[in-house]
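Reviewing the structure listed below.
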Amino acid sequence: MAKRAAKAGTAAAGTTSPKPKTAKAKTVKMTLAERLPALASPGTAPAGRPPSAASQWRETRNAAARARLEKSLPALFPTSVLRYALSRPLVPPTPRLAVEGYWRHHILRADRLARALAVKSGQPEGWAWRLGTWTPGTRRPDPAGEDLSEKGLPFSFRVPPAPFREAPHALGKGHCCICGQPVYRFGWHRDLWGAGAPNRNAAWHAACVAAWKFWIAPADHVKALKRRQGHRCAQSGKRLLKTAEVDHRVPLYRIWREERARPWPELLRYWGLPNLQVVNRAIHADKCAAEAGERASARRSGRTDPPTLGPATLGPATLGPATLGPATLGPGSSSDEADTGSA
Ligand SMILES: [Zn+2]
């Protein structure tokens, strides 16, 4: 892999530049077969058996997708992403779809990367974790009379704080509204192409969008989390059952109540892998009951949580990718490359 990457880098850089990865010089474009010979050719049907209609259809479809991908692929492209793309049952036809699919597939890696990028940005001066007063179900204020200080504020402590989505701290296009770092081609987080400046049409990293979806709906990724735990319950050590559930080790209401003053990048850990576990349902039910009792006694003693949304309103309908995905992460469209809008 490293050898191939080095080969790609050398070929791409030409002979004049000492730094192949950041060379802006004219680059030599390689075919998919030259980049990854083992993966670039179509698969073959098992010997002695005629290919089924479905596999014939897939071959035709993938051949077209590979041709399209090859055409729009720049000379420099992350080898790991290309390897992922070419090994899919359905090859993504554009570089951007390949990048997005790569991060969706490596969700725990996306989570780690997004949090690391946030650490690089640090907490913006004067920022504090606040919740908006607008809640779903009430009418949004008239845009003309909108309170800008409220813009971008999360409406519940279940949504991770994102200072760069808030109007007073927004960095504008070219920077990721989730982590605050510069965004490059295809929503990549590093300037592989030596552009020297972020992509002004982009407002988020592909990795950070995947991480955001993971943070707000970790149950959608129960498979990856189970695999990571070796299919053992994080509490009892017993085998995880089919009905096992994803749980925040430290519940989010306690983060809001007790850990709110922590620096922002540290807070994100509570939505990410370090605070997530898969447990069998009975154990989860006991833990939830204990937490509910604890919250009730806290309320009786006068310590109140902010108005929150019960689990019923926090299902996929309100927190799913459809409402908190790229479409609502910022204004405008995510199409920052010629190849993006098409598929
Ligand atoms: Zn980011």
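Letters for chains follow the order of the structure tokens (A, B, ...), residue numbers begin at 1 for each chain, and ligand numbers begin at 1 in the order shown.
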
Residues within 8 Å of ligand 1 (only C-alpha atoms and all ligand atoms), as number ranges by chain?
A: 114, 117-118, 175-183, 189, 204-209

Output N, CA and C atoms for every residue in the selection just made, as a short mmCIF file (atom, residue, chain, number, x, y, z; two decimals), in the first residue's frame.
data_model
loop_
_atom_site.label_atom_id
_atom_site.label_comp_id
_atom_site.auth_asym_id
_atom_site.auth_seq_id
_atom_site.Cartn_x
_atom_site.Cartn_y
_atom_site.Cartn_z
N ALA A 114 -12.62 13.50 13.47
CA ALA A 114 -13.37 14.75 13.70
C ALA A 114 -13.01 15.34 15.07
N LEU A 117 -9.51 16.84 14.87
CA LEU A 117 -9.51 18.13 14.16
C LEU A 117 -10.06 19.23 15.06
N ALA A 118 -11.06 18.88 15.87
CA ALA A 118 -11.63 19.87 16.80
C ALA A 118 -10.58 20.30 17.82
N HIS A 175 -14.13 26.51 5.67
CA HIS A 175 -13.83 25.89 6.96
C HIS A 175 -14.97 25.00 7.38
N CYS A 176 -14.63 23.94 8.08
CA CYS A 176 -15.63 22.97 8.50
C CYS A 176 -16.44 23.54 9.66
N CYS A 177 -17.76 23.52 9.53
CA CYS A 177 -18.60 24.09 10.58
C CYS A 177 -18.69 23.14 11.79
N ILE A 178 -18.16 21.95 11.66
CA ILE A 178 -18.19 21.03 12.80
C ILE A 178 -16.89 21.11 13.59
N CYS A 179 -15.73 21.06 12.90
CA CYS A 179 -14.46 21.04 13.63
C CYS A 179 -13.69 22.36 13.53
N GLY A 180 -14.03 23.20 12.55
CA GLY A 180 -13.37 24.50 12.43
C GLY A 180 -12.10 24.50 11.59
N GLN A 181 -11.70 23.35 11.06
CA GLN A 181 -10.47 23.26 10.27
C GLN A 181 -10.76 23.49 8.78
N PRO A 182 -9.72 23.85 8.00
CA PRO A 182 -9.92 24.08 6.56
C PRO A 182 -10.38 22.81 5.83
N VAL A 183 -11.21 23.01 4.82
CA VAL A 183 -11.71 21.90 4.02
C VAL A 183 -11.10 21.98 2.63
N HIS A 189 -9.65 16.52 4.53
CA HIS A 189 -9.18 17.36 5.63
C HIS A 189 -7.72 17.79 5.45
N TRP A 204 -17.87 21.74 5.15
CA TRP A 204 -17.64 20.65 6.11
C TRP A 204 -16.78 19.56 5.49
N HIS A 205 -16.12 18.83 6.38
CA HIS A 205 -15.35 17.66 5.95
C HIS A 205 -16.30 16.48 5.80
N ALA A 206 -16.00 15.64 4.83
CA ALA A 206 -16.79 14.42 4.69
C ALA A 206 -16.69 13.58 5.97
N ALA A 207 -15.52 13.56 6.57
CA ALA A 207 -15.33 12.78 7.80
C ALA A 207 -16.17 13.35 8.94
N CYS A 208 -16.24 14.68 9.02
CA CYS A 208 -16.97 15.30 10.13
C CYS A 208 -18.48 15.12 9.97
N VAL A 209 -18.97 15.11 8.74
CA VAL A 209 -20.40 14.86 8.53
C VAL A 209 -20.75 13.44 9.00
#

Residue list (strand (DSSP E or B), DSSP) for segment 89-318 of chain A, as a PDB file with N, CA and C atoms, in the first residue's frame:
ATOM      1  N   HIS A 175     -14.126  26.506   5.667  1.00  0.00           N
ATOM      2  CA  HIS A 175     -13.832  25.894   6.965  1.00  0.00           C
ATOM      3  C   HIS A 175     -14.974  24.999   7.382  1.00  0.00           C
ATOM      4  N   PRO A 182      -9.718  23.853   8.003  1.00  0.00           N
ATOM      5  CA  PRO A 182      -9.923  24.082   6.562  1.00  0.00           C
ATOM      6  C   PRO A 182     -10.379  22.815   5.834  1.00  0.00           C
ATOM      7  N   ARG A 232     -19.348  -8.704  22.915  1.00  0.00           N
ATOM      8  CA  ARG A 232     -19.581  -8.963  24.344  1.00  0.00           C
ATOM      9  C   ARG A 232     -20.220  -7.733  24.976  1.00  0.00           C
ATOM     10  N   ARG A 239     -22.369 -12.609  26.036  1.00  0.00           N
ATOM     11  CA  ARG A 239     -22.526 -12.398  24.607  1.00  0.00           C
ATOM     12  C   ARG A 239     -23.653 -11.380  24.354  1.00  0.00           C
ATOM     13  N   GLU A 245     -28.408  -2.790  23.000  1.00  0.00           N
ATOM     14  CA  GLU A 245     -28.621  -1.367  22.714  1.00  0.00           C
ATOM     15  C   GLU A 245     -27.368  -0.539  22.977  1.00  0.00           C
ATOM     16  N   VAL A 246     -27.300   0.585  22.281  1.00  0.00           N
ATOM     17  CA  VAL A 246     -26.170   1.500  22.462  1.00  0.00           C
ATOM     18  C   VAL A 246     -26.490   2.435  23.626  1.00  0.00           C
ATOM     19  N   ASP A 247     -25.502   2.643  24.469  1.00  0.00           N
ATOM     20  CA  ASP A 247     -25.709   3.449  25.667  1.00  0.00           C
ATOM     21  C   ASP A 247     -24.553   4.430  25.836  1.00  0.00           C
ATOM     22  N   HIS A 248     -24.878   5.634  26.335  1.00  0.00           N
ATOM     23  CA  HIS A 248     -23.811   6.569  26.730  1.00  0.00           C
ATOM     24  C   HIS A 248     -23.393   6.196  28.150  1.00  0.00           C
ATOM     25  N   LEU A 276     -19.278   5.592  24.511  1.00  0.00           N
ATOM     26  CA  LEU A 276     -20.341   4.719  23.988  1.00  0.00           C
ATOM     27  C   LEU A 276     -20.060   3.257  24.318  1.00  0.00           C
ATOM     28  N   GLN A 277     -21.110   2.544  24.612  1.00  0.00           N
ATOM     29  CA  GLN A 277     -20.973   1.115  24.859  1.00  0.00           C
ATOM     30  C   GLN A 277     -22.239   0.415  24.368  1.00  0.00           C
ATOM     31  N   VAL A 278     -22.092  -0.847  24.010  1.00  0.00           N
ATOM     32  CA  VAL A 278     -23.275  -1.645  23.669  1.00  0.00           C
ATOM     33  C   VAL A 278     -23.506  -2.598  24.833  1.00  0.00           C
ATOM     34  N   VAL A 279     -24.743  -2.599  25.328  1.00  0.00           N
ATOM     35  CA  VAL A 279     -25.092  -3.465  26.464  1.00  0.00           C
ATOM     36  C   VAL A 279     -26.377  -4.218  26.138  1.00  0.00           C
TER      37      VAL A 279
END

Quote the spacing between atom CA of Val91 of chain A and atom CA of Arg68 of chain A in Å to one decimal place.
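A separation of 10.2 Å between them.
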
For Pro78 of chain A, the nearest of the candidates A:Asp191, A:Asp286, A:Asp220, A:Glu259, counting only C-alpha atoms:
A:Asp191

For atom CA of Val81 of chain A and atom CA of Ala98 of chain A, quote the distance in Å rounded to one decimal.
6.5 Å

Nearest to Glu34 of chain A by atom-to-atom distance, counting only C-alpha atoms, from A:Ala64, A:Arg262, A:Ala75, A:Ala296:
A:Ala75

Find the spatial neighbours of Pro89 of chain A, counting only C-alpha atoms, within a cut-off of 10 Å - ignore same-chain residues fewer than 6 positions away - and output them as an MDAnalysis selection string.
chainID A and resid 43 55 58:59 62

Please produce an output containing N, CA and C atoms for each residue in the selection, written as a PDB file, in the first residue's frame.
ATOM      1  N   GLY A  43     -14.789  -8.184 -11.649  1.00  0.00           N
ATOM      2  CA  GLY A  43     -14.709  -9.530 -11.079  1.00  0.00           C
ATOM      3  C   GLY A  43     -15.187 -10.556 -12.095  1.00  0.00           C
ATOM      4  N   SER A  55     -25.639 -10.499 -11.611  1.00  0.00           N
ATOM      5  CA  SER A  55     -24.203 -10.211 -11.640  1.00  0.00           C
ATOM      6  C   SER A  55     -23.809  -9.581 -12.971  1.00  0.00           C
ATOM      7  N   ARG A  58     -24.673  -6.029 -12.595  1.00  0.00           N
ATOM      8  CA  ARG A  58     -23.704  -5.351 -11.726  1.00  0.00           C
ATOM      9  C   ARG A  58     -22.397  -5.079 -12.479  1.00  0.00           C
ATOM     10  N   GLU A  59     -21.972  -6.033 -13.259  1.00  0.00           N
ATOM     11  CA  GLU A  59     -20.732  -5.839 -14.021  1.00  0.00           C
ATOM     12  C   GLU A  59     -20.848  -4.663 -14.983  1.00  0.00           C
ATOM     13  N   ASN A  62     -20.975  -1.483 -12.936  1.00  0.00           N
ATOM     14  CA  ASN A  62     -19.680  -1.157 -12.343  1.00  0.00           C
ATOM     15  C   ASN A  62     -18.663  -0.720 -13.395  1.00  0.00           C
TER      16      ASN A  62
END

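Using only C-alpha atoms, the shortest contact distance between Ala224 of chain A and any of A:Ala290, A:Ala54, A:Leu108, A:Val250 is found at A:Leu108.
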
Alpha helix (DSSP H) residues, from DSSP on the backbone, in segment 160-325 of chain A, as a PyMOL selection string
chain A and resi 206-216+222-228+252-258+264-267+281-300+316-319+321-324

Excluding segment 160-170 of chain A and residues on its chain fewer than 2 positions from it, collect all residues at most 9 Å away from it, counting only C-alpha atoms, and give them as a ChimeraX atom specification.
/A:123-125,127-131,148-154,156-158,172-173,175-180,212,215-216,264,267-268,270-271,329-330

Dump as a short mmCIF file (atom, residue, chain, number, x, y, z; two decimals), in the first residue's frame, selection limited to N, CA and C atoms:
data_model
loop_
_atom_site.label_atom_id
_atom_site.label_comp_id
_atom_site.auth_asym_id
_atom_site.auth_seq_id
_atom_site.Cartn_x
_atom_site.Cartn_y
_atom_site.Cartn_z
N GLN A 123 -11.23 25.69 21.45
CA GLN A 123 -12.49 26.39 21.73
C GLN A 123 -12.37 27.86 21.34
N PRO A 124 -13.33 28.38 20.55
CA PRO A 124 -13.24 29.79 20.18
C PRO A 124 -13.35 30.71 21.40
N GLU A 125 -12.64 31.79 21.34
CA GLU A 125 -12.63 32.79 22.42
C GLU A 125 -14.06 33.24 22.73
N TRP A 127 -16.59 31.60 23.76
CA TRP A 127 -17.68 30.65 23.53
C TRP A 127 -18.03 29.91 24.82
N ALA A 128 -19.29 29.64 25.01
CA ALA A 128 -19.73 28.77 26.10
C ALA A 128 -20.86 27.90 25.56
N TRP A 129 -21.00 26.72 26.09
CA TRP A 129 -22.05 25.81 25.63
C TRP A 129 -23.41 26.33 26.08
N ARG A 130 -24.23 26.69 25.11
CA ARG A 130 -25.58 27.18 25.41
C ARG A 130 -26.58 26.41 24.57
N LEU A 131 -27.82 26.40 25.02
CA LEU A 131 -28.87 25.78 24.22
C LEU A 131 -29.80 26.87 23.70
N LEU A 148 -29.70 36.67 16.04
CA LEU A 148 -28.50 36.02 15.49
C LEU A 148 -27.68 35.29 16.55
N SER A 149 -27.78 35.75 17.78
CA SER A 149 -27.01 35.09 18.83
C SER A 149 -27.54 33.68 19.10
N GLU A 150 -28.76 33.42 18.63
CA GLU A 150 -29.37 32.10 18.83
C GLU A 150 -29.10 31.18 17.64
N LYS A 151 -28.64 31.75 16.53
CA LYS A 151 -28.51 30.99 15.30
C LYS A 151 -27.47 29.88 15.45
N GLY A 152 -27.87 28.68 15.12
CA GLY A 152 -26.94 27.55 15.17
C GLY A 152 -26.85 26.89 16.53
N LEU A 153 -27.57 27.42 17.53
CA LEU A 153 -27.51 26.80 18.85
C LEU A 153 -28.27 25.48 18.85
N PRO A 154 -27.73 24.45 19.49
CA PRO A 154 -28.48 23.20 19.58
C PRO A 154 -29.71 23.39 20.46
N SER A 156 -31.11 20.92 22.21
CA SER A 156 -31.11 19.94 23.30
C SER A 156 -29.67 19.58 23.63
N PHE A 157 -29.45 19.18 24.88
CA PHE A 157 -28.09 18.76 25.26
C PHE A 157 -27.73 17.42 24.64
N ARG A 158 -28.68 16.81 23.96
CA ARG A 158 -28.36 15.55 23.28
C ARG A 158 -27.63 15.79 21.96
N GLY A 172 -17.02 30.74 8.19
CA GLY A 172 -17.36 30.94 6.78
C GLY A 172 -16.91 29.78 5.92
N LYS A 173 -17.23 29.92 4.63
CA LYS A 173 -16.93 28.84 3.68
C LYS A 173 -15.43 28.58 3.61
N HIS A 175 -14.13 26.51 5.67
CA HIS A 175 -13.83 25.89 6.96
C HIS A 175 -14.97 25.00 7.38
N CYS A 176 -14.63 23.94 8.08
CA CYS A 176 -15.63 22.97 8.50
C CYS A 176 -16.44 23.54 9.66
N CYS A 177 -17.76 23.52 9.53
CA CYS A 177 -18.60 24.09 10.58
C CYS A 177 -18.69 23.14 11.79
N ILE A 178 -18.16 21.95 11.66
CA ILE A 178 -18.19 21.03 12.80
C ILE A 178 -16.89 21.11 13.59
N CYS A 179 -15.73 21.06 12.90
CA CYS A 179 -14.46 21.04 13.63
C CYS A 179 -13.69 22.36 13.53
N GLY A 180 -14.03 23.20 12.55
CA GLY A 180 -13.37 24.50 12.43
C GLY A 180 -12.10 24.50 11.59
N TRP A 212 -20.64 13.42 12.75
CA TRP A 212 -21.82 14.11 13.31
C TRP A 212 -23.03 13.17 13.35
N TRP A 215 -22.58 10.80 16.10
CA TRP A 215 -22.76 11.40 17.41
C TRP A 215 -24.25 11.56 17.76
N ILE A 216 -25.06 11.95 16.76
CA ILE A 216 -26.46 12.21 17.09
C ILE A 216 -27.32 10.94 17.02
N TRP A 264 -14.44 22.89 24.84
CA TRP A 264 -15.28 22.27 23.83
C TRP A 264 -14.73 20.98 23.20
N LEU A 267 -15.41 18.08 25.32
CA LEU A 267 -16.83 17.71 25.44
C LEU A 267 -17.23 16.68 24.38
N LEU A 268 -16.66 16.81 23.18
CA LEU A 268 -17.08 15.94 22.08
C LEU A 268 -16.84 14.46 22.39
N TYR A 270 -17.77 12.88 24.81
CA TYR A 270 -18.96 12.27 25.41
C TYR A 270 -19.97 11.80 24.37
N TRP A 271 -19.84 12.29 23.13
CA TRP A 271 -20.72 11.81 22.05
C TRP A 271 -20.04 10.73 21.22
N LEU A 329 -26.53 21.42 7.83
CA LEU A 329 -25.31 21.80 8.55
C LEU A 329 -24.87 23.21 8.22
N GLY A 330 -25.36 23.74 7.18
CA GLY A 330 -24.96 25.10 6.84
C GLY A 330 -25.73 25.53 5.62
#

Applying 12 Å and only C-alpha atoms, which residues near Arg185 of chain A remain after dropping the ones on its own chain fewer than 4 positions away? List them as a PDB file with N, CA and C atoms, in the first residue's frame.
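Listing of out-v9.pdb after writing:
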ATOM      1  N   LEU A  73     -11.291  11.368 -11.601  1.00  0.00           N
ATOM      2  CA  LEU A  73     -10.337  11.230 -10.507  1.00  0.00           C
ATOM      3  C   LEU A  73      -9.106  12.090 -10.760  1.00  0.00           C
ATOM      4  N   PRO A  74      -8.736  12.941  -9.788  1.00  0.00           N
ATOM      5  CA  PRO A  74      -7.510  13.727  -9.993  1.00  0.00           C
ATOM      6  C   PRO A  74      -6.282  12.818  -9.868  1.00  0.00           C
ATOM      7  N   LEU A  76      -3.847  13.001  -7.914  1.00  0.00           N
ATOM      8  CA  LEU A  76      -3.614  12.644  -6.511  1.00  0.00           C
ATOM      9  C   LEU A  76      -4.952  12.393  -5.842  1.00  0.00           C
ATOM     10  N   PHE A  77      -5.037  11.252  -5.215  1.00  0.00           N
ATOM     11  CA  PHE A  77      -6.280  10.894  -4.534  1.00  0.00           C
ATOM     12  C   PHE A  77      -5.904   9.905  -3.429  1.00  0.00           C
ATOM     13  N   PRO A  78      -6.537  10.000  -2.259  1.00  0.00           N
ATOM     14  CA  PRO A  78      -6.150   9.096  -1.166  1.00  0.00           C
ATOM     15  C   PRO A  78      -6.288   7.621  -1.588  1.00  0.00           C
ATOM     16  N   PRO A  95     -15.503  10.729  -7.332  1.00  0.00           N
ATOM     17  CA  PRO A  95     -14.566  10.798  -6.207  1.00  0.00           C
ATOM     18  C   PRO A  95     -15.260  11.206  -4.907  1.00  0.00           C
ATOM     19  N   ARG A  96     -16.192  12.155  -4.995  1.00  0.00           N
ATOM     20  CA  ARG A  96     -16.844  12.609  -3.764  1.00  0.00           C
ATOM     21  C   ARG A  96     -17.661  11.493  -3.114  1.00  0.00           C
ATOM     22  N   VAL A  99     -15.358   9.245  -1.342  1.00  0.00           N
ATOM     23  CA  VAL A  99     -14.890   9.778  -0.048  1.00  0.00           C
ATOM     24  C   VAL A  99     -15.989   9.647   1.009  1.00  0.00           C
ATOM     25  N   GLY A 174     -15.135  27.323   3.361  1.00  0.00           N
ATOM     26  CA  GLY A 174     -13.727  26.936   3.321  1.00  0.00           C
ATOM     27  C   GLY A 174     -13.291  26.315   4.638  1.00  0.00           C
ATOM     28  N   HIS A 175     -14.126  26.506   5.667  1.00  0.00           N
ATOM     29  CA  HIS A 175     -13.832  25.894   6.965  1.00  0.00           C
ATOM     30  C   HIS A 175     -14.974  24.999   7.382  1.00  0.00           C
ATOM     31  N   HIS A 189      -9.653  16.522   4.531  1.00  0.00           N
ATOM     32  CA  HIS A 189      -9.180  17.363   5.626  1.00  0.00           C
ATOM     33  C   HIS A 189      -7.725  17.789   5.449  1.00  0.00           C
ATOM     34  N   ARG A 190      -7.055  17.232   4.419  1.00  0.00           N
ATOM     35  CA  ARG A 190      -5.666  17.631   4.180  1.00  0.00           C
ATOM     36  C   ARG A 190      -5.518  18.124   2.750  1.00  0.00           C
ATOM     37  N   ASP A 191      -4.604  19.066   2.582  1.00  0.00           N
ATOM     38  CA  ASP A 191      -4.408  19.669   1.269  1.00  0.00           C
ATOM     39  C   ASP A 191      -3.486  18.787   0.423  1.00  0.00           C
ATOM     40  N   LEU A 192      -4.001  17.639   0.011  1.00  0.00           N
ATOM     41  CA  LEU A 192      -3.207  16.697  -0.782  1.00  0.00           C
ATOM     42  C   LEU A 192      -2.795  17.297  -2.116  1.00  0.00           C
ATOM     43  N   TRP A 193      -3.552  18.272  -2.576  1.00  0.00           N
ATOM     44  CA  TRP A 193      -3.381  18.786  -3.929  1.00  0.00           C
ATOM     45  C   TRP A 193      -2.515  20.031  -3.993  1.00  0.00           C
ATOM     46  N   GLY A 194      -2.044  20.461  -2.835  1.00  0.00           N
ATOM     47  CA  GLY A 194      -1.182  21.639  -2.806  1.00  0.00           C
ATOM     48  C   GLY A 194      -1.885  22.900  -3.263  1.00  0.00           C
ATOM     49  N   ALA A 195      -3.191  22.987  -3.020  1.00  0.00           N
ATOM     50  CA  ALA A 195      -3.946  24.172  -3.439  1.00  0.00           C
ATOM     51  C   ALA A 195      -3.493  25.398  -2.650  1.00  0.00           C
ATOM     52  N   GLY A 196      -3.017  25.175  -1.452  1.00  0.00           N
ATOM     53  CA  GLY A 196      -2.526  26.287  -0.640  1.00  0.00           C
ATOM     54  C   GLY A 196      -3.618  27.053   0.073  1.00  0.00           C
ATOM     55  N   ALA A 197      -4.875  26.839  -0.337  1.00  0.00           N
ATOM     56  CA  ALA A 197      -6.002  27.522   0.313  1.00  0.00           C
ATOM     57  C   ALA A 197      -7.172  26.560   0.354  1.00  0.00           C
ATOM     58  N   PRO A 198      -8.042  26.738   1.362  1.00  0.00           N
ATOM     59  CA  PRO A 198      -9.198  25.824   1.429  1.00  0.00           C
ATOM     60  C   PRO A 198     -10.139  26.012   0.248  1.00  0.00           C
ATOM     61  N   ASN A 199     -10.993  25.045   0.070  1.00  0.00           N
ATOM     62  CA  ASN A 199     -12.028  25.093  -0.967  1.00  0.00           C
ATOM     63  C   ASN A 199     -13.148  26.014  -0.486  1.00  0.00           C
ATOM     64  N   ARG A 200     -13.272  27.167  -1.130  1.00  0.00           N
ATOM     65  CA  ARG A 200     -14.214  28.181  -0.652  1.00  0.00           C
ATOM     66  C   ARG A 200     -15.674  27.748  -0.800  1.00  0.00           C
ATOM     67  N   ASN A 201     -15.924  26.710  -1.563  1.00  0.00           N
ATOM     68  CA  ASN A 201     -17.311  26.263  -1.734  1.00  0.00           C
ATOM     69  C   ASN A 201     -17.709  25.204  -0.717  1.00  0.00           C
ATOM     70  N   ALA A 202     -16.783  24.806   0.136  1.00  0.00           N
ATOM     71  CA  ALA A 202     -17.072  23.697   1.050  1.00  0.00           C
ATOM     72  C   ALA A 202     -17.256  24.207   2.466  1.00  0.00           C
ATOM     73  N   ALA A 203     -18.151  23.582   3.202  1.00  0.00           N
ATOM     74  CA  ALA A 203     -18.413  24.035   4.564  1.00  0.00           C
ATOM     75  C   ALA A 203     -18.258  22.911   5.588  1.00  0.00           C
ATOM     76  N   TRP A 204     -17.868  21.743   5.149  1.00  0.00           N
ATOM     77  CA  TRP A 204     -17.641  20.651   6.113  1.00  0.00           C
ATOM     78  C   TRP A 204     -16.781  19.564   5.494  1.00  0.00           C
ATOM     79  N   HIS A 205     -16.125  18.834   6.381  1.00  0.00           N
ATOM     80  CA  HIS A 205     -15.351  17.663   5.952  1.00  0.00           C
ATOM     81  C   HIS A 205     -16.301  16.479   5.801  1.00  0.00           C
ATOM     82  N   ALA A 206     -16.005  15.639   4.829  1.00  0.00           N
ATOM     83  CA  ALA A 206     -16.795  14.419   4.692  1.00  0.00           C
ATOM     84  C   ALA A 206     -16.690  13.583   5.971  1.00  0.00           C
ATOM     85  N   SER A 334     -23.550  21.380  -0.837  1.00  0.00           N
ATOM     86  CA  SER A 334     -22.245  20.789  -0.574  1.00  0.00           C
ATOM     87  C   SER A 334     -21.476  20.540  -1.858  1.00  0.00           C
ATOM     88  N   SER A 335     -22.075  20.886  -2.964  1.00  0.00           N
ATOM     89  CA  SER A 335     -21.404  20.583  -4.231  1.00  0.00           C
ATOM     90  C   SER A 335     -20.224  21.521  -4.436  1.00  0.00           C
ATOM     91  N   ASP A 336     -19.054  21.016  -4.178  1.00  0.00           N
ATOM     92  CA  ASP A 336     -17.905  21.880  -4.352  1.00  0.00           C
ATOM     93  C   ASP A 336     -16.992  21.364  -5.441  1.00  0.00           C
ATOM     94  N   GLU A 337     -17.434  20.330  -6.109  1.00  0.00           N
ATOM     95  CA  GLU A 337     -16.630  19.814  -7.217  1.00  0.00           C
ATOM     96  C   GLU A 337     -17.565  19.586  -8.387  1.00  0.00           C
ATOM     97  N   ALA A 338     -16.987  19.637  -9.549  1.00  0.00           N
ATOM     98  CA  ALA A 338     -17.806  19.480 -10.747  1.00  0.00           C
ATOM     99  C   ALA A 338     -18.537  18.150 -10.757  1.00  0.00           C
ATOM    100  N   ASP A 339     -17.975  17.157 -10.088  1.00  0.00           N
ATOM    101  CA  ASP A 339     -18.552  15.827 -10.196  1.00  0.00           C
ATOM    102  C   ASP A 339     -19.594  15.549  -9.134  1.00  0.00           C
ATOM    103  N   THR A 340     -19.921  16.496  -8.279  1.00  0.00           N
ATOM    104  CA  THR A 340     -20.668  16.134  -7.093  1.00  0.00           C
ATOM    105  C   THR A 340     -22.165  16.054  -7.277  1.00  0.00           C
TER     106      THR A 340
END
